[in-house]
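Asker: Below: one structure in structure tokens.
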Amino acid sequence: QVHLVESGGGVVQAGGSLKLSCTASGSPSFISMGWYRQAPGKEREWVASITHGGGNMRYADSVKGRFTISRNNVLTSIYLEMNSLKPEDTAVYYCKATSAGWRTDFWGQGTQVTVSS
């Protein structure tokens, strides 16, 4: 059974930084992992993703240049370095992983990020 656990959320002032981590257990083999977020009253949105093979990274326009996604070598852990945080970045941040083979999606439980103005 695959489990994803996020950590690193918290409360930070606008302009500050946080680093989120997501670690998978259960002997996973993923083709990609990524971060999503959901603000109160809004739909969950994609933030950033990274692949296993080439380590290709992609970012939503809203975070490009401020957030950096990274991974460990075997793609069982990913990180999200968030700089120049804005109040509109406030959300619950979720980690998602897509398995090789069946392309099954796994989700973590989320970690709260609150940016105060």
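As shown in the structure tokens, the chain order sets the letters A, B, ...; within each chain, residues go from 1, and ligands are also counted from 1 in the order they appear.
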Using only C-alpha atoms, determine which residues lie at most 12 Å from Asn72 in chain A, disregarding the query and same-chain residues fewer than 3 positions distant; provide the list as a list in words.
Answerer: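 Close residues of Asn72 in chain A: Ser21, Cys22, Thr23, Ala24, Met33, Ile50, Thr51, His52, Gly55, Ile69, Leu75, Thr76, Ser77, Ile78 and Tyr79 of chain A.
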Asker: The selected residues should be written to file as a JSON list (two decimals), in the first residue's frame (atoms: all heavy atoms).
Answerer:
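Final file, again.json:
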[["chain", "number", "residue", "atom", "x", "y", "z"],
["A", 21, "SER", "N", 7.85, 19.07, 2.00],
["A", 21, "SER", "CA", 8.40, 17.76, 1.65],
["A", 21, "SER", "C", 7.27, 16.76, 1.50],
["A", 21, "SER", "O", 6.24, 16.87, 2.17],
["A", 21, "SER", "CB", 9.37, 17.28, 2.74],
["A", 21, "SER", "OG", 10.44, 18.17, 2.92],
["A", 22, "CYS", "N", 7.49, 15.79, 0.65],
["A", 22, "CYS", "CA", 6.54, 14.70, 0.47],
["A", 22, "CYS", "C", 7.34, 13.42, 0.32],
["A", 22, "CYS", "O", 8.21, 13.33, -0.56],
["A", 22, "CYS", "CB", 5.68, 14.93, -0.76],
["A", 22, "CYS", "SG", 4.63, 13.52, -1.21],
["A", 23, "THR", "N", 7.04, 12.45, 1.17],
["A", 23, "THR", "CA", 7.75, 11.19, 1.13],
["A", 23, "THR", "C", 6.77, 10.05, 0.97],
["A", 23, "THR", "O", 5.74, 10.00, 1.64],
["A", 23, "THR", "CB", 8.58, 10.98, 2.40],
["A", 23, "THR", "OG1", 9.54, 12.03, 2.50],
["A", 23, "THR", "CG2", 9.30, 9.65, 2.37],
["A", 24, "ALA", "N", 7.10, 9.13, 0.07],
["A", 24, "ALA", "CA", 6.25, 7.98, -0.21],
["A", 24, "ALA", "C", 6.77, 6.74, 0.48],
["A", 24, "ALA", "O", 7.98, 6.53, 0.57],
["A", 24, "ALA", "CB", 6.17, 7.75, -1.71],
["A", 33, "MET", "N", 5.65, 12.91, -9.99],
["A", 33, "MET", "CA", 5.09, 13.39, -8.73],
["A", 33, "MET", "C", 4.88, 14.88, -8.86],
["A", 33, "MET", "O", 5.52, 15.55, -9.68],
["A", 33, "MET", "CB", 6.04, 13.09, -7.56],
["A", 33, "MET", "CG", 6.21, 11.61, -7.28],
["A", 33, "MET", "SD", 7.30, 11.27, -5.85],
["A", 33, "MET", "CE", 6.23, 11.73, -4.48],
["A", 50, "ILE", "N", 7.17, 16.98, -11.49],
["A", 50, "ILE", "CA", 8.50, 16.54, -11.90],
["A", 50, "ILE", "C", 8.41, 15.08, -12.30],
["A", 50, "ILE", "O", 7.67, 14.31, -11.68],
["A", 50, "ILE", "CB", 9.52, 16.78, -10.77],
["A", 50, "ILE", "CG1", 10.95, 16.53, -11.27],
["A", 50, "ILE", "CG2", 9.20, 15.92, -9.55],
["A", 50, "ILE", "CD1", 12.00, 17.08, -10.30],
["A", 51, "THR", "N", 9.14, 14.70, -13.34],
["A", 51, "THR", "CA", 9.08, 13.33, -13.83],
["A", 51, "THR", "C", 10.25, 12.51, -13.32],
["A", 51, "THR", "O", 11.26, 13.05, -12.84],
["A", 51, "THR", "CB", 9.08, 13.30, -15.36],
["A", 51, "THR", "OG1", 10.31, 13.89, -15.83],
["A", 51, "THR", "CG2", 7.91, 14.07, -15.92],
["A", 52, "HIS", "N", 10.12, 11.19, -13.46],
["A", 52, "HIS", "CA", 11.17, 10.29, -13.01],
["A", 52, "HIS", "C", 12.31, 10.24, -14.01],
["A", 52, "HIS", "O", 13.47, 10.40, -13.66],
["A", 52, "HIS", "CB", 10.60, 8.89, -12.80],
["A", 52, "HIS", "CG", 11.63, 7.92, -12.30],
["A", 52, "HIS", "ND1", 12.51, 7.24, -13.12],
["A", 52, "HIS", "CD2", 11.92, 7.51, -11.04],
["A", 52, "HIS", "CE1", 13.29, 6.47, -12.39],
["A", 52, "HIS", "NE2", 12.96, 6.61, -11.13],
["A", 55, "GLY", "N", 13.56, 14.01, -15.20],
["A", 55, "GLY", "CA", 13.46, 15.02, -14.15],
["A", 55, "GLY", "C", 12.88, 16.32, -14.66],
["A", 55, "GLY", "O", 13.21, 17.40, -14.16],
["A", 69, "ILE", "N", 10.53, 22.94, -7.60],
["A", 69, "ILE", "CA", 10.28, 21.55, -7.24],
["A", 69, "ILE", "C", 11.56, 20.76, -7.44],
["A", 69, "ILE", "O", 12.32, 21.00, -8.39],
["A", 69, "ILE", "CB", 9.11, 20.97, -8.07],
["A", 69, "ILE", "CG1", 8.71, 19.59, -7.54],
["A", 69, "ILE", "CG2", 9.46, 20.91, -9.55],
["A", 69, "ILE", "CD1", 7.42, 19.06, -8.17],
["A", 75, "LEU", "N", 12.93, 9.13, -7.02],
["A", 75, "LEU", "CA", 11.56, 9.68, -7.06],
["A", 75, "LEU", "C", 10.64, 8.99, -6.06],
["A", 75, "LEU", "O", 9.57, 8.47, -6.41],
["A", 75, "LEU", "CB", 10.97, 9.59, -8.47],
["A", 75, "LEU", "CG", 9.74, 10.49, -8.71],
["A", 75, "LEU", "CD1", 10.05, 11.96, -8.44],
["A", 75, "LEU", "CD2", 9.19, 10.29, -10.12],
["A", 76, "THR", "N", 11.07, 9.01, -4.82],
["A", 76, "THR", "CA", 10.16, 8.62, -3.74],
["A", 76, "THR", "C", 9.91, 9.79, -2.79],
["A", 76, "THR", "O", 9.07, 9.70, -1.91],
["A", 76, "THR", "CB", 10.72, 7.43, -2.93],
["A", 76, "THR", "OG1", 12.03, 7.77, -2.46],
["A", 76, "THR", "CG2", 10.79, 6.18, -3.79],
["A", 77, "SER", "N", 10.65, 10.85, -2.98],
["A", 77, "SER", "CA", 10.45, 12.08, -2.21],
["A", 77, "SER", "C", 10.54, 13.28, -3.15],
["A", 77, "SER", "O", 11.40, 13.30, -4.04],
["A", 77, "SER", "CB", 11.50, 12.23, -1.12],
["A", 77, "SER", "OG", 11.36, 11.26, -0.12],
["A", 78, "ILE", "N", 9.68, 14.24, -2.92],
["A", 78, "ILE", "CA", 9.78, 15.50, -3.65],
["A", 78, "ILE", "C", 9.70, 16.64, -2.64],
["A", 78, "ILE", "O", 9.24, 16.47, -1.51],
["A", 78, "ILE", "CB", 8.69, 15.67, -4.74],
["A", 78, "ILE", "CG1", 7.29, 15.61, -4.13],
["A", 78, "ILE", "CG2", 8.88, 14.65, -5.84],
["A", 78, "ILE", "CD1", 6.20, 16.02, -5.13],
["A", 79, "TYR", "N", 10.13, 17.80, -3.10],
["A", 79, "TYR", "CA", 10.18, 18.97, -2.26],
["A", 79, "TYR", "C", 9.65, 20.17, -3.05],
["A", 79, "TYR", "O", 9.68, 20.17, -4.28],
["A", 79, "TYR", "CB", 11.62, 19.24, -1.82],
["A", 79, "TYR", "CG", 12.29, 17.98, -1.29],
["A", 79, "TYR", "CD1", 13.03, 17.17, -2.15],
["A", 79, "TYR", "CD2", 12.13, 17.58, 0.03],
["A", 79, "TYR", "CE1", 13.61, 16.00, -1.70],
["A", 79, "TYR", "CE2", 12.71, 16.41, 0.49],
["A", 79, "TYR", "CZ", 13.44, 15.63, -0.38],
["A", 79, "TYR", "OH", 14.00, 14.46, 0.08]]
Asker: Excluding Glu45 in chain A and any residue of its chain fewer than 2 positions from it, enumerate the residues within 10 Å of it, using only C-alpha atoms, and give them as a VMD selection string.
Answerer: chain A and resid 35 to 39 42 to 43 47 to 48 60 93 to 94
Asker: Applying 10 Å and only C-alpha atoms, which residues near Val74 in chain A remain after dropping the ones on its own chain fewer than 6 positions away? List them as a ChimeraX atom specification.
Answerer: /A:28-30,52-53
Asker: Selection from above, C-alpha atoms, as a PDB file, in the first residue's frame, can you write it?
Answerer:
ATOM      1  CA  PRO A  28       6.456   2.763  -4.896  1.00  0.00           C
ATOM      2  CA  SER A  29       7.516   3.168  -8.482  1.00  0.00           C
ATOM      3  CA  PHE A  30       6.318   6.457  -9.851  1.00  0.00           C
ATOM      4  CA  HIS A  52      11.174  10.293 -13.007  1.00  0.00           C
ATOM      5  CA  GLY A  53      13.016   9.801 -16.269  1.00  0.00           C
TER       6      GLY A  53
END
Asker: If DSSP is run on the backbone, what residues of range 3-116 of chain A are strand (DSSP E or B)? A reply as a PyMOL selection string would be ideal.
Answerer: chain A and resi 3-7+10-13+18-25+30-38+45-51+57-59+67-71+77-82+91-99+105-107+111-116
Asker: Quick one: residues within 12 Å of Thr111 in chain A, only C-alpha atoms counted, chain neighbours fewer than 2 positions away excluded, as a PyMOL selection string?
Answerer: chain A and resi 4-11+18-22+35-39+80+90-95+107-109+113-114
Asker: Using only C-alpha atoms, which protein or nucleic acid residues come within 10 Å of Ser62 in chain A? Drop anything in the same chain fewer than 4 positions from it, and give the result as a PDB file with N, CA and C atoms, in the first residue's frame.
Answerer:
ATOM      1  N   VAL A  47       0.163  22.871  -9.150  1.00  0.00           N
ATOM      2  CA  VAL A  47       1.194  23.860  -8.851  1.00  0.00           C
ATOM      3  C   VAL A  47       2.487  23.555  -9.612  1.00  0.00           C
ATOM      4  N   ARG A  66       9.093  31.638  -8.518  1.00  0.00           N
ATOM      5  CA  ARG A  66       9.084  31.751  -7.055  1.00  0.00           C
ATOM      6  C   ARG A  66       9.208  30.392  -6.381  1.00  0.00           C
ATOM      7  N   PHE A  67       8.641  29.368  -6.999  1.00  0.00           N
ATOM      8  CA  PHE A  67       8.653  28.026  -6.425  1.00  0.00           C
ATOM      9  C   PHE A  67       9.617  27.143  -7.216  1.00  0.00           C
ATOM     10  N   GLU A  88      -2.090  35.085  -1.505  1.00  0.00           N
ATOM     11  CA  GLU A  88      -2.867  34.234  -2.401  1.00  0.00           C
ATOM     12  C   GLU A  88      -2.271  32.830  -2.548  1.00  0.00           C
ATOM     13  N   ASP A  89      -1.106  32.595  -1.977  1.00  0.00           N
ATOM     14  CA  ASP A  89      -0.546  31.247  -1.949  1.00  0.00           C
ATOM     15  C   ASP A  89      -1.124  30.423  -0.797  1.00  0.00           C
TER      16      ASP A  89
END
